[in-house]
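The next block holds one structure in the form of structure tokens; read it before the comments.
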Amino acid sequence: MTVKTKEEKYNAYVKQVTPTTNMWLNICKAFLVGGIICTLGQFITNWLKNSGLNQEDTAAWTSLALILLSVILTGLNLYPKIAKFGGAGSLVPITGFANSVVAAAIEFKKEGWVFGVGAKIFTIAGPVILYGIISSWLLGLIYWITQLF
Amino acid sequence: MDYVKAFLIGGLICAVVQIFMDRTKLMPGRIMVGLVCLGAILGFAGVYQPFIDWAGCGASVPLAGFGNTLYQGVKEAVDSDGLLGLFRGGFEASAAGISGALLFGYAASLIFDPKMKN
Amino acid sequence: MIVGKQSIQFEQAVHIISAASVAGKKEAEGPLGNLFDKTYEDPYINGQTWEEGEANLQKDAAAIVMEKAKMTPEQIRYIFSGDLLNQLIATSFGLMDYNIPIFGLYGACSTMGEALSLGAMTVAGGYAEHVIAMASSHFGSAEKTFRFPLEYGNQRPFSATWTVTGSGAVILGKEKGIARITGITTGKIVDYGVKDSMNMGACMAPAAADAIYQNLMDFDISPEAYDRIITGDLGYVGQTILIELLKDKGFDISKQHMDCGIEIFDSERQDTHAGGSGCGCSAVTFCSYILKQIEKKAWKKVLFLPTGALLSTISFNEGKSVPGVAHCVIVECE
């Protein structure tokens, strides 16, 4: 029991002496970067809509365009710089998801095309897909049950 | 007006997540998983789709929009195919995004080498 | 001679005959940049992968340290070396061509202290004429092993450290050299239950405090006996904690304390946050700045203790805390 209190005390002390990031500044940066990426998406969406695409195809093309942009920026090593500045602003949009896929693909190519890139491309993004599918499946099941009555 | 809404709402979602990250020290992977699940739940609750209709890309570009897409896909597939739709809908709706990330990511790994951070 | 609980005092000091330090571009641009024997523009250190690059760091450090002592690989009885990668691949692939009997060591970032301790014991015991003690780390290979792919965008907290790209090597022997090792205190594994892998300083500070305290008790001396007490890679956060922890035990080391991680980078200019880290951090700083200060007798007696955080990605994912370890080496001028 005494060990635990010692650990707790130390952890509390560590928290106190560890400098924290300037939260307000970080929030503003995240707001700015996230906002810009979403506005860019809106710009693509509006342009596609005006050229006569339907709602669903527009959404898909917008995602693809943002993913491609993120992949190029990651390959040129610019996305990590944007992320360092923008934090959640670059993590939360679909571009952050794409970055996590392409970063793993580039890093692990040295370990081979099958067991390197092939096996590790979803190292970071895999959980997002797995839990996205599980949660939508469970919610869909509830929806299916409600439709029975 | 579309652009202002996309900027403000998208920015706001990111800002809230930033507070969460700084406060909790959660790893980015957990944050991403949480956002997708949250999007699916809000989609189920019937909140997220109207939110996207109003805020446009401000709501659809963040990962929560991806979760909503998954759920909407499952829902539509259940409506048309019944129980089998549960297994079809998610990937059907997200196919473009996932395939895009995989294909572009693979292409990038052919072109680019890992680089040092400064 | 066995001293106290955890220490050895060598009846005949073991001499450091030569030292070599090699480092990457960012380290070369740092405050110690012009003290290194060799620096590299190429982040892959003339290899194809990060791992090959780190192996090349060890290869070059070993070559330079032997060249400086005018020795050939046949004259080296043993190598004591280690790195941070799984199964020590940088050590194995970097040093195999020398055909020297080798002990591969893992002490996380404390490896240089472990290598110096074991090397000095081997020489003092009369089991070898000359041995090499060395260690390395590489930013790219360490990030890939322990954190994220380098292209992945994320923010590093202020408590995070920057893995040093570099390798440091010394040759130990019985004849007079540039400095001498007069004693060691081997550290225990100390765990205060910190789980934040982005705050290594806080994980390792208790181990450093424990090792320094034991050294002072075993040799029955006060911190003033040393011109410097030099930790490996505690960084700014760990330094604050270490000084506080030792104050609680009745010793004030705030005047003597120095940290290799703080010295090797200019945190303002180079954006390295809490400082440098990795086996290479303490090894490179020791083999350049610290030994040069001792050689010119600016410092007469130094306590050098590289610090290591004992975690792996598996232990971290399984929810284990991050224990620390630190190995003290007493280095005096000739």
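Labels used: A, B, ... for chains in the order of the structure tokens, numbers from 1 for residues in each chain, and numbers from 1 for ligands as shown.
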
As a VMD selection string, list the residues of chain A assigned to alpha helix (DSSP H) by DSSP on the backbone atoms of this structure. chain A and resid 2 to 17 23 to 50 55 to 75 79 to 86 88 to 91 94 to 108 119 to 120 126 to 148

Quick one: which residues from chain B are at most 6 Å off chain A, using only C-alpha atoms, as a count of residues only? 29

Compile the contact shell of B:Lys25 as a ChimeraX atom specification: residues with an atom at most 12 Å away, counting only C-alpha atoms, same-chain residues fewer than 6 positions apart removed. /A:15,20-21 /B:17-19,31 /C:155-157,159,195-199

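Atom CA of B:Tyr106 is found 21.3 Å from atom CA of A:Ala83.
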
At a cut-off of 8 Å, list the chain C residues touching chain B, using only C-alpha atoms, as a short mmCIF file (atom, residue, chain, number, x, y, z; two decimals) with all heavy atoms, in the first residue's frame.
```cif
data_model
loop_
_atom_site.label_atom_id
_atom_site.label_comp_id
_atom_site.auth_asym_id
_atom_site.auth_seq_id
_atom_site.Cartn_x
_atom_site.Cartn_y
_atom_site.Cartn_z
N LYS C 26 22.59 17.12 -37.35
CA LYS C 26 21.98 17.98 -36.35
C LYS C 26 22.92 18.15 -35.14
O LYS C 26 23.05 19.24 -34.58
CB LYS C 26 20.65 17.38 -35.89
CG LYS C 26 19.78 18.33 -35.09
CD LYS C 26 18.52 17.62 -34.62
CE LYS C 26 17.62 18.53 -33.82
NZ LYS C 26 16.75 19.36 -34.65
N PRO C 43 21.89 11.63 -43.82
CA PRO C 43 21.21 11.06 -42.64
C PRO C 43 21.28 9.54 -42.60
O PRO C 43 21.12 8.94 -41.54
CB PRO C 43 19.76 11.53 -42.79
CG PRO C 43 19.62 11.97 -44.20
CD PRO C 43 20.97 12.38 -44.67
N GLY C 140 16.59 8.17 -36.70
CA GLY C 140 15.65 7.51 -37.61
C GLY C 140 15.29 6.11 -37.14
O GLY C 140 14.12 5.74 -37.05
N LEU C 150 8.79 8.30 -39.65
CA LEU C 150 9.26 9.70 -39.63
C LEU C 150 8.37 10.65 -40.41
O LEU C 150 8.38 11.85 -40.15
CB LEU C 150 10.70 9.78 -40.14
CG LEU C 150 11.74 9.63 -39.03
CD1 LEU C 150 11.86 8.18 -38.61
CD2 LEU C 150 13.07 10.17 -39.47
N GLU C 151 7.60 10.13 -41.38
CA GLU C 151 6.74 11.00 -42.18
C GLU C 151 5.42 11.29 -41.48
O GLU C 151 4.61 12.07 -41.95
CB GLU C 151 6.44 10.36 -43.54
CG GLU C 151 7.56 10.50 -44.55
CD GLU C 151 8.78 9.69 -44.15
OE1 GLU C 151 8.62 8.66 -43.47
OE2 GLU C 151 9.89 10.11 -44.51
N ASN C 154 2.97 14.53 -36.10
CA ASN C 154 2.48 14.59 -34.72
C ASN C 154 3.23 15.70 -33.97
O ASN C 154 4.25 16.19 -34.43
CB ASN C 154 2.66 13.26 -34.00
CG ASN C 154 4.13 12.90 -33.80
OD1 ASN C 154 4.95 13.13 -34.67
ND2 ASN C 154 4.45 12.37 -32.65
#
```

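Distances here use only C-alpha atoms; by that measure, the residue among A:Val114, A:Val17, A:Leu48, A:Leu25 closest to chain C is A:Val17.
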
So the first atom is atom CA of C:Val329 and the second is atom CA of C:Pro306; what is the distance between them in Å, to one decimal place? 8.8 Å

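We find atom CA of B:Phe66 and atom CA of B:Leu35 to be spaced 8.8 Å apart.
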